[in-house]
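Structure file data14.txt; described as compact mmCIF, C-alpha atoms.
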```txt
# COMPACT_ATOMS: atom_id res chain seq x y z
CA MET A 10 -147.84 -70.34 39.10
CA LYS A 11 -150.13 -71.98 36.55
CA ALA A 12 -151.86 -69.97 33.87
CA ASP A 13 -154.79 -70.73 31.57
CA ARG A 14 -153.27 -68.74 28.74
CA SER A 15 -149.88 -67.21 28.04
CA VAL A 16 -148.85 -64.27 25.86
CA ASP A 17 -145.27 -63.82 24.68
CA CYS A 18 -144.09 -60.20 24.76
CA VAL A 19 -140.36 -60.90 24.89
CA GLY A 20 -138.51 -58.30 22.82
CA LEU A 21 -141.46 -55.92 22.85
CA TYR A 22 -141.56 -52.50 24.45
CA CYS A 23 -144.19 -50.10 25.72
CA PRO A 24 -147.02 -49.94 24.74
CA MET A 25 -147.06 -53.41 23.16
CA PRO A 26 -147.15 -55.67 26.28
CA ILE A 27 -150.06 -53.69 27.72
CA VAL A 28 -151.92 -53.51 24.39
CA LYS A 29 -151.48 -57.27 23.93
CA THR A 30 -152.54 -57.99 27.51
CA SER A 31 -155.73 -55.97 27.09
CA GLN A 32 -156.54 -57.96 23.94
CA GLU A 33 -155.63 -61.38 25.36
CA ILE A 34 -157.59 -60.95 28.58
CA LYS A 35 -160.77 -60.85 26.50
CA GLU A 36 -160.15 -64.47 25.49
CA LEU A 37 -160.24 -65.66 29.11
CA GLY A 38 -163.19 -66.63 31.29
CA GLU A 39 -163.83 -64.97 34.65
CA GLY A 40 -161.31 -66.02 37.28
CA GLU A 41 -158.91 -67.52 34.74
CA VAL A 42 -155.24 -66.59 34.86
CA LEU A 43 -153.22 -64.92 32.08
CA GLU A 44 -149.45 -65.13 32.03
CA VAL A 45 -147.55 -62.34 30.28
CA VAL A 46 -143.90 -63.05 29.52
CA ALA A 47 -141.83 -59.93 28.87
CA ASP A 48 -138.25 -58.71 29.17
CA ASP A 49 -138.84 -54.95 29.29
CA PRO A 50 -138.53 -54.10 33.01
CA GLY A 51 -141.23 -51.43 32.58
CA ILE A 52 -143.71 -54.29 32.92
CA LYS A 53 -142.99 -54.50 36.66
CA SER A 54 -144.69 -51.15 37.18
CA ASP A 55 -146.99 -51.10 34.15
CA MET A 56 -148.87 -54.33 34.81
CA PRO A 57 -149.94 -53.44 38.38
CA ALA A 58 -151.00 -50.03 36.99
CA TRP A 59 -153.02 -51.68 34.22
CA CYS A 60 -154.67 -53.95 36.80
CA ALA A 61 -155.48 -51.04 39.12
CA LYS A 62 -157.22 -49.26 36.27
CA THR A 63 -159.06 -52.19 34.71
CA GLY A 64 -159.99 -54.07 37.88
CA HIS A 65 -158.24 -57.32 36.99
CA GLN A 66 -156.27 -58.92 39.79
CA PHE A 67 -152.49 -58.65 39.81
CA LEU A 68 -151.15 -61.96 41.16
CA GLY A 69 -147.42 -61.36 41.00
CA ILE A 70 -144.23 -61.49 38.99
CA GLU A 71 -141.68 -64.29 38.73
CA GLU A 72 -138.29 -63.25 37.38
CA ARG A 73 -136.36 -65.96 35.55
CA ASP A 74 -133.35 -65.62 33.27
CA GLY A 75 -133.95 -61.95 32.54
CA GLU A 76 -137.61 -62.55 31.72
CA TYR A 77 -140.59 -61.45 33.74
CA HIS A 78 -143.53 -63.82 34.04
CA VAL A 79 -146.47 -61.72 35.15
CA PHE A 80 -149.73 -63.28 36.29
CA VAL A 81 -153.12 -61.63 36.13
CA ARG A 82 -156.50 -63.06 37.14
CA LYS A 83 -159.43 -61.91 35.03
CA ARG A 84 -161.99 -60.14 37.14
CA GLY A 85 -165.58 -61.27 37.56
CA ASP A 86 -168.46 -58.87 37.06
CA MET B 29 -168.73 -52.00 36.86
CA ASP B 30 -165.87 -53.17 34.71
CA THR B 31 -164.17 -50.36 32.80
CA THR B 32 -163.92 -52.61 29.75
CA ASP B 33 -167.68 -53.11 29.88
CA ARG B 34 -168.24 -49.42 30.32
CA LYS B 35 -166.10 -48.81 27.31
CA GLU B 36 -168.12 -51.29 25.30
CA THR B 37 -171.44 -49.72 26.23
CA GLY B 38 -169.90 -46.29 25.65
CA GLU B 39 -171.49 -44.89 28.79
CA GLY B 40 -169.56 -43.30 31.58
CA ALA B 41 -166.20 -44.70 30.46
CA GLU B 42 -163.31 -42.59 31.63
CA SER B 43 -161.93 -40.68 28.72
CA ALA B 44 -158.75 -39.14 27.42
CA THR B 45 -158.39 -36.42 24.79
CA ILE B 46 -155.19 -35.61 22.93
CA VAL B 47 -154.66 -32.55 20.75
CA VAL B 48 -152.09 -33.40 18.10
CA PHE B 49 -150.85 -29.96 17.02
CA SER B 50 -147.38 -31.03 15.96
CA GLY B 51 -146.54 -32.71 12.69
CA ASP B 52 -143.24 -34.06 14.03
CA LEU B 53 -142.73 -37.81 13.76
CA ASP B 54 -141.36 -38.19 17.30
CA ARG B 55 -144.22 -36.25 18.85
CA ALA B 56 -146.79 -38.20 16.82
CA LEU B 57 -145.23 -41.45 18.07
CA ALA B 58 -145.58 -40.25 21.66
CA ALA B 59 -149.20 -39.23 21.05
CA PHE B 60 -150.12 -42.64 19.61
CA ASN B 61 -148.20 -44.49 22.30
CA ILE B 62 -150.28 -42.76 24.97
CA ALA B 63 -153.50 -43.11 22.97
CA THR B 64 -153.14 -46.88 22.49
CA THR B 65 -152.13 -47.33 26.13
CA ALA B 66 -155.12 -45.32 27.42
CA ALA B 67 -157.44 -47.35 25.17
CA SER B 68 -155.86 -50.55 26.55
CA LEU B 69 -156.65 -49.30 30.05
CA GLY B 70 -160.31 -49.17 29.06
CA MET B 71 -160.53 -45.44 28.37
CA GLU B 72 -162.44 -43.79 25.57
CA VAL B 73 -159.79 -41.90 23.59
CA THR B 74 -160.21 -39.00 21.16
CA MET B 75 -157.35 -37.52 19.13
CA PHE B 76 -157.96 -34.07 17.71
CA PHE B 77 -155.57 -33.28 14.83
CA THR B 78 -155.00 -29.61 14.16
CA PHE B 79 -152.56 -27.34 12.35
CA TRP B 80 -149.31 -29.20 11.53
CA GLY B 81 -150.81 -32.26 13.22
CA LEU B 82 -153.16 -32.61 10.25
CA ASN B 83 -150.18 -33.94 8.28
CA VAL B 84 -150.20 -37.08 10.42
CA VAL B 85 -153.62 -38.11 9.09
CA ARG B 86 -153.34 -36.66 5.58
CA ARG B 87 -153.12 -38.80 2.49
CA GLU B 88 -149.82 -38.59 0.66
CA ARG B 89 -151.64 -37.49 -2.47
CA GLY B 90 -154.01 -34.60 -2.08
CA GLY B 91 -157.72 -34.63 -2.79
CA GLY B 92 -157.27 -31.95 -5.42
CA ALA B 93 -159.46 -29.24 -3.94
CA ARG B 94 -159.23 -25.69 -5.28
CA LYS B 95 -156.57 -23.68 -3.49
CA THR B 96 -155.45 -20.07 -3.51
CA PRO B 97 -151.92 -19.48 -4.86
CA LEU B 98 -150.59 -19.14 -1.30
CA GLN B 99 -152.29 -22.35 -0.24
CA ARG B 100 -150.75 -24.13 -3.24
CA MET B 101 -147.34 -22.91 -2.18
CA LEU B 102 -147.98 -24.02 1.40
CA GLY B 103 -149.13 -27.39 0.04
CA LEU B 104 -145.84 -27.84 -1.81
CA MET B 105 -143.74 -27.06 1.25
CA ASN B 106 -145.95 -28.83 3.75
CA ARG B 107 -146.80 -32.16 2.20
CA GLY B 108 -149.01 -34.58 4.08
CA GLY B 109 -148.78 -38.23 5.03
CA SER B 110 -147.42 -40.06 8.06
CA ARG B 111 -144.34 -41.29 6.16
CA ARG B 112 -143.30 -37.72 5.38
CA LEU B 113 -143.19 -36.51 8.98
CA ARG B 114 -139.84 -35.20 10.18
CA LEU B 115 -138.07 -35.62 13.47
CA SER B 116 -138.20 -32.54 15.72
CA ARG B 117 -134.47 -32.98 16.37
CA LEU B 118 -131.62 -34.59 14.41
CA HIS B 119 -133.73 -34.94 11.27
CA MET B 120 -130.61 -34.25 9.18
CA LEU B 121 -132.37 -34.12 5.79
CA GLY B 122 -134.05 -37.42 6.50
CA GLY B 123 -130.91 -39.27 7.61
CA GLY B 124 -131.85 -39.01 11.27
CA ARG B 125 -135.35 -40.21 10.53
CA ALA B 126 -134.06 -43.21 8.56
CA ALA B 127 -131.74 -44.08 11.45
CA MET B 128 -134.57 -43.74 13.96
CA LYS B 129 -136.88 -45.95 11.90
CA HIS B 130 -134.09 -48.50 11.56
CA LEU B 131 -133.57 -48.55 15.33
CA MET B 132 -137.30 -48.90 15.94
CA ARG B 133 -137.48 -51.90 13.61
CA ARG B 134 -134.37 -53.39 15.18
CA PHE B 135 -136.03 -53.26 18.61
CA ARG B 136 -139.39 -54.43 17.25
CA MET B 137 -141.13 -51.19 18.08
CA PRO B 138 -144.24 -50.53 16.01
CA SER B 139 -143.94 -47.93 13.25
CA LEU B 140 -146.17 -44.87 13.35
CA GLU B 141 -148.39 -46.46 10.68
CA GLU B 142 -148.72 -49.63 12.77
CA MET B 143 -149.52 -47.54 15.87
CA MET B 144 -152.21 -45.68 13.96
CA ALA B 145 -153.81 -48.92 12.78
CA MET B 146 -153.64 -50.28 16.32
CA ALA B 147 -155.26 -47.12 17.70
CA ARG B 148 -158.18 -47.52 15.32
CA GLU B 149 -158.56 -51.21 16.21
CA LEU B 150 -158.71 -50.18 19.86
CA GLY B 151 -161.50 -47.72 19.08
CA VAL B 152 -159.54 -44.46 19.31
CA HIS B 153 -161.46 -41.64 17.59
CA PHE B 154 -159.71 -39.41 15.05
CA ILE B 155 -161.04 -35.89 14.51
CA ALA B 156 -159.59 -33.36 12.03
CA CYS B 157 -159.90 -29.64 12.73
CA THR B 158 -161.98 -27.93 10.06
CA THR B 159 -160.51 -24.47 10.68
CA SER B 160 -156.95 -25.64 10.01
CA MET B 161 -158.27 -27.51 6.96
CA ALA B 162 -159.78 -24.31 5.56
CA LEU B 163 -156.58 -22.39 6.23
CA MET B 164 -154.50 -24.94 4.34
CA GLY B 165 -157.04 -25.50 1.58
CA LEU B 166 -157.72 -29.12 2.56
CA THR B 167 -160.98 -31.03 2.25
CA GLU B 168 -162.21 -34.35 3.66
CA LYS B 169 -160.78 -36.07 0.57
CA ASP B 170 -157.27 -35.08 1.68
CA PHE B 171 -157.50 -37.36 4.72
CA ILE B 172 -157.09 -41.07 5.38
CA PRO B 173 -160.42 -42.87 5.88
CA GLU B 174 -159.65 -43.48 9.56
CA VAL B 175 -160.54 -39.85 10.24
CA GLU B 176 -164.19 -40.25 11.12
CA GLU B 177 -165.09 -36.72 12.15
CA PHE B 178 -164.38 -33.21 10.94
CA ALA B 179 -165.12 -30.66 13.62
CA GLY B 180 -164.14 -27.51 15.45
CA ALA B 181 -162.85 -26.56 18.85
CA ALA B 182 -166.25 -26.78 20.55
CA THR B 183 -166.38 -30.53 19.84
CA TYR B 184 -162.92 -30.90 21.30
CA VAL B 185 -163.59 -28.70 24.37
CA GLU B 186 -166.83 -30.54 25.13
CA ARG B 187 -165.00 -33.89 25.08
CA ALA B 188 -162.00 -32.57 26.96
CA SER B 189 -164.29 -31.22 29.68
CA ARG B 190 -165.48 -34.79 30.30
CA SER B 191 -161.96 -36.25 30.21
CA SER B 192 -159.63 -37.05 33.04
CA ILE B 193 -156.58 -36.88 30.76
CA ASN B 194 -156.07 -34.05 28.30
CA LEU B 195 -152.82 -33.54 26.41
CA PHE B 196 -151.56 -31.03 23.87
CA ILE B 197 -148.76 -32.49 21.79
```

Since I need it in another form, could you write the structure as structure tokens?
Amino acid sequence: MKADRSVDCVGLYCPMPIVKTSQEIKELGEGEVLEVVADDPGIKSDMPAWCAKTGHQFLGIEERDGEYHVFVRKRGD
Amino acid sequence: MDTTDRKETGEGAESATIVVFSGDLDRALAAFNIATTAASLGMEVTMFFTFWGLNVVRRERGGGARKTPLQRMLGLMNRGGSRRLRLSRLHMLGGGRAAMKHLMRRFRMPSLEEMMAMARELGVHFIACTTSMALMGLTEKDFIPEVEEFAGAATYVERASRSSINLFI
């Protein structure tokens, strides 16, 4: 999946990936895709939860070499 | 309407309130972890520091207000400042705390001080309880500048009544 912006959260634990995601998403335009790369498995549950609460669209997770690449589409208004 | 937008306009955002009663380092870490997460989920977050929890947001050096002899004694045994907080378990005269801080650094987890700065950047509100302050002989000068409000339980209850998350830590 292609992303417009990527944020590296490898080696970081809760709450950092979610805090960083909420900050990074502000830099995107509506409909653009943010990729979050993390290795804490909590992200698999936390990112869909963050999306459900904030209204951004959860696109999916690709697992590669122990890292999770999570894709989120910024919501429109 | 987008929750982030609601948060920015300050109207109708979902909110979370956290009473920080404990002055234990581990409990304070949990409180700030939840506070920063809730703020990241677009919620308006208020942390109400009371009793031993005041130590979390106290300056290390006091503001020098007049105290009764008992309050002075309490002040000597109950010194403020986030770096002085103890672990609720396995503190071991500070050895446990040092080990815990080492482990947190090793795994790149933010320190309590970093979490507090992050919470403020995310717009989390800090309130100190004026009744506990009076009991301990503390004034506004005894607190870090991030504490923006000094208030009583009515302020807290009013906010908690509008909150969907309310915790006592």

Would you give me, as a tab-separated table, each residue of chain A having an atom within 9 Å of an atom of chain B, along with its shortest atom pair and that distance in Å to one decimal, using only C-alpha atoms and sorting by chain and residue number?
```
residue	atom	partner	partner_atom	distance
A:Gly20	CA	B:Arg136	CA	6.8
A:Leu21	CA	B:Arg136	CA	6.2
A:Tyr22	CA	B:Met137	CA	6.5
A:Cys23	CA	B:Asn61	CA	7.7
A:Pro24	CA	B:Thr65	CA	5.9
A:Met25	CA	B:Met137	CA	8.1
A:Ile27	CA	B:Ser68	CA	6.7
A:Val28	CA	B:Ser68	CA	5.4
A:Lys29	CA	B:Ser68	CA	8.4
A:Thr30	CA	B:Ser68	CA	8.2
A:Ser31	CA	B:Ser68	CA	5.4
A:Gln32	CA	B:Ser68	CA	7.9
A:Ala58	CA	B:Leu69	CA	9.0
A:Trp59	CA	B:Leu69	CA	6.0
A:Cys60	CA	B:Leu69	CA	8.4
A:Lys62	CA	B:Leu69	CA	6.2
A:Thr63	CA	B:Thr31	CA	5.8
A:Gly64	CA	B:Asp30	CA	6.7
A:His65	CA	B:Asp30	CA	9.0
A:Arg84	CA	B:Asp30	CA	8.3
A:Gly85	CA	B:Asp30	CA	8.6
A:Asp86	CA	B:Asp30	CA	6.7
```

Interatomic distance (Å, one decimal) between CA of Gly40 (chain A) and CA of Pro57 (chain A): 17.0 Å

Arg89 (chain B) environment, 10 Å, all atoms listed in the file, sequence neighbours closer than 5 positions dropped, as JSON, numbers by chain: {"B": [107, 108, 109, 169, 170, 171]}

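Taking CA of Val45 (chain A) and CA of Leu131 (chain B) as endpoints, the distance between them is 24.7 Å.
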
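The space between CA of Leu37 (chain A) and CA of Gly75 (chain A) spans 26.8 Å.
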
Near-Glu44 (chain A) list (8 Å; all atoms listed in the file; drop same-chain fewer than 3 positions) as a VMD selection string: chain A and resid 12 to 16 78 to 81

May I have the residues from that selection written out with C-alpha atoms, as an mmCIF file, in the coordinates of the input?
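Output below, filename out39.cif:
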```cif
data_model
loop_
_atom_site.group_PDB
_atom_site.id
_atom_site.type_symbol
_atom_site.label_atom_id
_atom_site.label_comp_id
_atom_site.auth_asym_id
_atom_site.auth_seq_id
_atom_site.Cartn_x
_atom_site.Cartn_y
_atom_site.Cartn_z
ATOM 1 C CA ALA A 12 -151.860 -69.970 33.870
ATOM 2 C CA ASP A 13 -154.790 -70.730 31.570
ATOM 3 C CA ARG A 14 -153.270 -68.740 28.740
ATOM 4 C CA SER A 15 -149.880 -67.210 28.040
ATOM 5 C CA VAL A 16 -148.850 -64.270 25.860
ATOM 6 C CA HIS A 78 -143.530 -63.820 34.040
ATOM 7 C CA VAL A 79 -146.470 -61.720 35.150
ATOM 8 C CA PHE A 80 -149.730 -63.280 36.290
ATOM 9 C CA VAL A 81 -153.120 -61.630 36.130
#
```

Selection: 10 Å around Val19 (chain A), all atoms listed in the file, excl. self and same-chain fewer than 4 positions, as a PyMOL selection string: chain A and resi 26+45-49+76-77
